[in-house]
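Notes for the one structure printed next.
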Amino acid sequence: MEWKEIIDFLDRLIHVKLFTLQDTPVTVLSMVVFVVLITATIYLSRLVKKGIYRLLRSKTEIDEGLKFTLSRVSQYVIVLIGVLISFQVLGINLTSLAFLFGLLSVGIGFGLQNITANFISGLIIMFERPISVGDRVEVSGKEGDVIEINIRSTKIQTLDNISIVVPNSQFVENDVINFSHGDPSFRLEVSVGVSYSSDLDTVLKALNEVAEEHPRVMRKPAHAVHLVNFGDSAWDMKLFVWVPDVRERYKMRNELNQAIVRKFEKLGIEIPFPQRDLHIRSGLERQEGAG
């Protein structure tokens, strides 16, 4: 009798009506099944996302951003299908779901505009791909690499290894610098001043040799050397070179600067100190007149 009573109690418990949604009674059992299905759907979607990403990772002709987008979209599709099936198991038809979403839209209108904007912006980023995983971007003055794009926000890892979570709407509504969009190559500008007493042809030859001797400087497009300005104490020279990956530009600027110093020392080209002339003649004349 005791076991029968326990079973009867559990049977009554799981069939207790919690609430009614659009004339559909929701019981404890249906809620438990609903939660189990939602949990299983989320777990399955993560497995599918990882499996698709591993499969695409072997395809070298597909860029990293597209691999991430395809795997992430597959995860969202499975979650959406799982949620719809879970609601059907719960006994809620699509008409009831429309009613529920109508209630949610009221809440969105009153206080969830930012979440909605970030959600829609996340979808735009996924499909339009103004940024992709692996891109070097600059947002709000912070430069870093895109390491993850989620439905609400994007994670940026700065050059100082600091993670910044940026709302997706910033990438759609504001100006964002994407150094890697479509092509990771970058034109690097290296500035140097040389003394007016220098031989111009020797300076041009030295800077050209610096570019030609660096193994990572691209040959096409070709580098260029410009005399851009006549400064107070020096010719202002600029060496323009193309680097294959924008992420290397700080390292390559350092290497090129060091190579310029060594090349100038070898060829006897002077990098002058800033000079200022101080005129005191008028002051002396006033002193002599006063005496």
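Here, A, B, ... name the chains of the structure tokens in the order displayed, residue numbers run from 1 inside each chain, and ligands are numbered from 1 in the same displayed order.
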Secondary structure check, strand (DSSP E) residues of stretch 115-168 of chain A, as a list in words: Arg136, Val137, Glu138, Val139, Lys142, Glu143, Gly144, Asp145, Val146, Ile147, Glu148, Ile149, Ser153, Thr154, Lys155, Ile156, Gln157, Thr158, Ser163, Ile164, Val165, Val166 and Pro167 of chain A
Pick out the residues sitting within 7 Å of A:Gln75, and hand them over as a list in words; count only C-alpha atoms, and ignore anything fewer than 4 positions along from it in its own chain. Ser45, Arg46, Val48, Lys49, Ser71 and Val79 of chain A
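Across the model, the gap from atom CA of A:Ile78 to atom CA of A:Ile164 is 28.3 Å.
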Find the spatial neighbours of stretch 153-161 of chain A, counting only C-alpha atoms, within a cut-off of 12 Å - ignore same-chain residues fewer than 5 positions away - and output them as a PyMOL selection string. chain A and resi 114-123+125-126+131-148+166-172+247-248+250
Could you write out the selected residues, including N, CA and C atoms, as a CSV table (one decimal), in the first residue's frame?
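Result went into out-v8.csv, see below:
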```
chain,number,residue,atom,x,y,z
A,114,ASN,N,17.9,48.0,-26.2
A,114,ASN,CA,19.3,47.8,-26.4
A,114,ASN,C,19.6,46.3,-26.7
A,115,ILE,N,18.9,45.4,-26.0
A,115,ILE,CA,19.1,44.0,-26.2
A,115,ILE,C,18.6,43.6,-27.6
A,116,THR,N,17.5,44.1,-28.0
A,116,THR,CA,17.0,43.8,-29.3
A,116,THR,C,17.9,44.3,-30.4
A,117,ALA,N,18.4,45.6,-30.2
A,117,ALA,CA,19.3,46.1,-31.2
A,117,ALA,C,20.6,45.3,-31.3
A,118,ASN,N,21.1,44.9,-30.2
A,118,ASN,CA,22.3,44.0,-30.2
A,118,ASN,C,22.1,42.7,-30.8
A,119,PHE,N,20.9,42.1,-30.6
A,119,PHE,CA,20.5,40.8,-31.2
A,119,PHE,C,20.5,40.9,-32.7
A,120,ILE,N,19.7,42.0,-33.2
A,120,ILE,CA,19.6,42.1,-34.6
A,120,ILE,C,21.0,42.5,-35.2
A,121,SER,N,21.8,43.3,-34.5
A,121,SER,CA,23.1,43.6,-35.0
A,121,SER,C,24.0,42.4,-35.1
A,122,GLY,N,23.8,41.5,-34.1
A,122,GLY,CA,24.6,40.2,-34.2
A,122,GLY,C,24.2,39.4,-35.4
A,123,LEU,N,23.0,39.4,-35.8
A,123,LEU,CA,22.6,38.6,-37.0
A,123,LEU,C,23.2,39.3,-38.2
A,125,ILE,N,25.9,41.0,-38.4
A,125,ILE,CA,27.3,40.7,-38.4
A,125,ILE,C,27.6,39.3,-38.9
A,126,MET,N,26.7,38.4,-38.5
A,126,MET,CA,26.9,37.0,-38.9
A,126,MET,C,26.8,36.8,-40.4
A,131,ILE,N,32.8,42.3,-39.9
A,131,ILE,CA,33.9,41.8,-39.1
A,131,ILE,C,33.8,40.3,-39.0
A,132,SER,N,35.0,39.7,-38.9
A,132,SER,CA,35.0,38.2,-38.8
A,132,SER,C,36.0,37.8,-37.7
A,133,VAL,N,35.9,36.6,-37.2
A,133,VAL,CA,36.8,36.1,-36.2
A,133,VAL,C,38.2,36.1,-36.8
A,134,GLY,N,39.2,36.7,-36.0
A,134,GLY,CA,40.5,36.8,-36.5
A,134,GLY,C,40.9,38.2,-37.1
A,135,ASP,N,39.9,39.0,-37.3
A,135,ASP,CA,40.2,40.3,-37.9
A,135,ASP,C,40.8,41.2,-36.8
A,136,ARG,N,41.7,42.1,-37.3
A,136,ARG,CA,42.3,43.1,-36.4
A,136,ARG,C,41.5,44.4,-36.6
A,137,VAL,N,40.9,44.8,-35.5
A,137,VAL,CA,39.9,46.0,-35.5
A,137,VAL,C,40.4,47.0,-34.5
A,138,GLU,N,39.8,48.2,-34.6
A,138,GLU,CA,39.9,49.3,-33.6
A,138,GLU,C,38.6,49.8,-33.3
A,139,VAL,N,38.2,49.7,-32.0
A,139,VAL,CA,36.9,50.1,-31.5
A,139,VAL,C,37.1,51.0,-30.3
A,140,SER,N,36.6,52.3,-30.4
A,140,SER,CA,36.7,53.2,-29.3
A,140,SER,C,38.1,53.4,-28.9
A,141,GLY,N,39.0,53.5,-29.9
A,141,GLY,CA,40.4,53.8,-29.6
A,141,GLY,C,41.2,52.6,-29.1
A,142,LYS,N,40.6,51.4,-29.0
A,142,LYS,CA,41.2,50.2,-28.6
A,142,LYS,C,41.4,49.2,-29.8
A,143,GLU,N,42.7,48.8,-30.0
A,143,GLU,CA,43.0,47.9,-31.1
A,143,GLU,C,43.1,46.5,-30.6
A,144,GLY,N,42.6,45.5,-31.3
A,144,GLY,CA,42.7,44.1,-30.9
A,144,GLY,C,42.2,43.2,-32.0
A,145,ASP,N,42.2,41.9,-31.7
A,145,ASP,CA,41.7,40.9,-32.6
A,145,ASP,C,40.3,40.4,-32.1
A,146,VAL,N,39.5,40.1,-33.1
A,146,VAL,CA,38.1,39.6,-32.8
A,146,VAL,C,38.3,38.1,-32.6
A,147,ILE,N,38.0,37.7,-31.4
A,147,ILE,CA,38.2,36.2,-31.0
A,147,ILE,C,36.8,35.5,-30.9
A,148,GLU,N,35.7,36.2,-30.8
A,148,GLU,CA,34.4,35.5,-30.6
A,148,GLU,C,33.3,36.5,-31.0
A,166,VAL,N,32.2,44.0,-26.5
A,166,VAL,CA,31.7,45.1,-27.2
A,166,VAL,C,30.3,44.8,-27.7
A,167,PRO,N,29.3,45.6,-27.3
A,167,PRO,CA,27.9,45.3,-27.9
A,167,PRO,C,27.9,45.3,-29.4
A,168,ASN,N,27.2,44.4,-30.0
A,168,ASN,CA,27.2,44.3,-31.4
A,168,ASN,C,26.7,45.5,-32.2
A,169,SER,N,25.8,46.3,-31.5
A,169,SER,CA,25.3,47.5,-32.2
A,169,SER,C,26.4,48.5,-32.5
A,170,GLN,N,27.5,48.5,-31.7
A,170,GLN,CA,28.5,49.4,-32.0
A,170,GLN,C,29.2,49.2,-33.4
A,171,PHE,N,29.2,47.9,-33.8
A,171,PHE,CA,29.8,47.6,-35.1
A,171,PHE,C,28.9,47.9,-36.2
A,172,VAL,N,27.6,48.1,-36.0
A,172,VAL,CA,26.7,48.4,-37.0
A,172,VAL,C,26.4,49.9,-37.1
A,247,ARG,N,49.0,42.7,-38.6
A,247,ARG,CA,49.4,42.4,-37.2
A,247,ARG,C,50.9,42.5,-37.0
A,248,GLU,N,51.7,42.5,-38.1
A,248,GLU,CA,53.1,42.6,-37.9
A,248,GLU,C,53.7,44.0,-38.0
A,250,TYR,N,53.8,46.7,-36.2
A,250,TYR,CA,54.6,47.3,-35.1
A,250,TYR,C,56.0,46.7,-35.0
```
For the atom pair atom CA of A:Pro130 and atom CA of A:Val241, what is the interatomic distance in Å to one decimal place?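 The value is 26.2 Å.
The space separating atom CA of A:Val194 from atom CA of A:Trp242 comes to 22.7 Å.
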Exercise: A:His223 partners within 12 Å, only C-alpha atoms, chain neighbours under 2 positions left out, as a PyMOL selection string: chain A and resi 186-190+204+207-214+217-221+225-226+238-243
As number ranges by chain, list the residues of stretch 65-252 of chain A assigned to alpha helix (DSSP H) by DSSP on the backbone atoms of this structure. A: 65-90, 94-111, 113-128, 169-173, 200-213, 249-252
Neighbours of A:Asp236 within 9 Å (only C-alpha atoms; same-chain residues fewer than 2 positions away dropped), as a PyMOL selection string? chain A and resi 191-194+226-231+234+238
Dump as an mmCIF file, in the first residue's frame, selection limited to N, CA and C atoms:
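And here's selection11.cif as it stands now:
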```
data_model
loop_
_atom_site.group_PDB
_atom_site.id
_atom_site.type_symbol
_atom_site.label_atom_id
_atom_site.label_comp_id
_atom_site.auth_asym_id
_atom_site.auth_seq_id
_atom_site.Cartn_x
_atom_site.Cartn_y
_atom_site.Cartn_z
ATOM 1 N N SER A 191 58.974 57.190 -40.882
ATOM 2 C CA SER A 191 59.461 58.564 -41.048
ATOM 3 C C SER A 191 60.858 58.701 -40.451
ATOM 4 N N VAL A 192 61.699 59.524 -41.103
ATOM 5 C CA VAL A 192 63.046 59.802 -40.599
ATOM 6 C C VAL A 192 63.487 61.162 -41.132
ATOM 7 N N GLY A 193 64.227 61.895 -40.327
ATOM 8 C CA GLY A 193 64.782 63.172 -40.746
ATOM 9 C C GLY A 193 66.266 63.048 -41.038
ATOM 10 N N VAL A 194 66.767 63.711 -42.088
ATOM 11 C CA VAL A 194 68.195 63.666 -42.428
ATOM 12 C C VAL A 194 68.714 65.098 -42.566
ATOM 13 N N HIS A 226 59.806 58.963 -50.218
ATOM 14 C CA HIS A 226 59.373 60.322 -50.528
ATOM 15 C C HIS A 226 60.097 61.328 -49.634
ATOM 16 N N LEU A 227 60.454 62.457 -50.244
ATOM 17 C CA LEU A 227 60.882 63.613 -49.468
ATOM 18 C C LEU A 227 59.627 64.467 -49.300
ATOM 19 N N VAL A 228 59.048 64.461 -48.094
ATOM 20 C CA VAL A 228 57.710 65.027 -47.915
ATOM 21 C C VAL A 228 57.716 66.463 -47.425
ATOM 22 N N ASN A 229 58.840 66.913 -46.811
ATOM 23 C CA ASN A 229 58.799 68.250 -46.243
ATOM 24 C C ASN A 229 60.223 68.732 -45.958
ATOM 25 N N PHE A 230 60.396 70.065 -45.990
ATOM 26 C CA PHE A 230 61.659 70.673 -45.582
ATOM 27 C C PHE A 230 61.467 71.211 -44.167
ATOM 28 N N GLY A 231 61.983 70.468 -43.194
ATOM 29 C CA GLY A 231 61.801 70.833 -41.805
ATOM 30 C C GLY A 231 62.747 71.916 -41.350
ATOM 31 N N ALA A 234 65.983 69.529 -40.887
ATOM 32 C CA ALA A 234 66.183 68.275 -41.605
ATOM 33 C C ALA A 234 65.211 68.156 -42.768
ATOM 34 N N LYS A 238 60.119 59.851 -45.877
ATOM 35 C CA LYS A 238 59.199 58.778 -45.508
ATOM 36 C C LYS A 238 59.437 57.575 -46.412
#
```
Counting only C-alpha atoms, the residue of A:Ala40, A:Val176, A:Ile271, A:Ile260 that sits nearest A:Lys205: A:Ile260
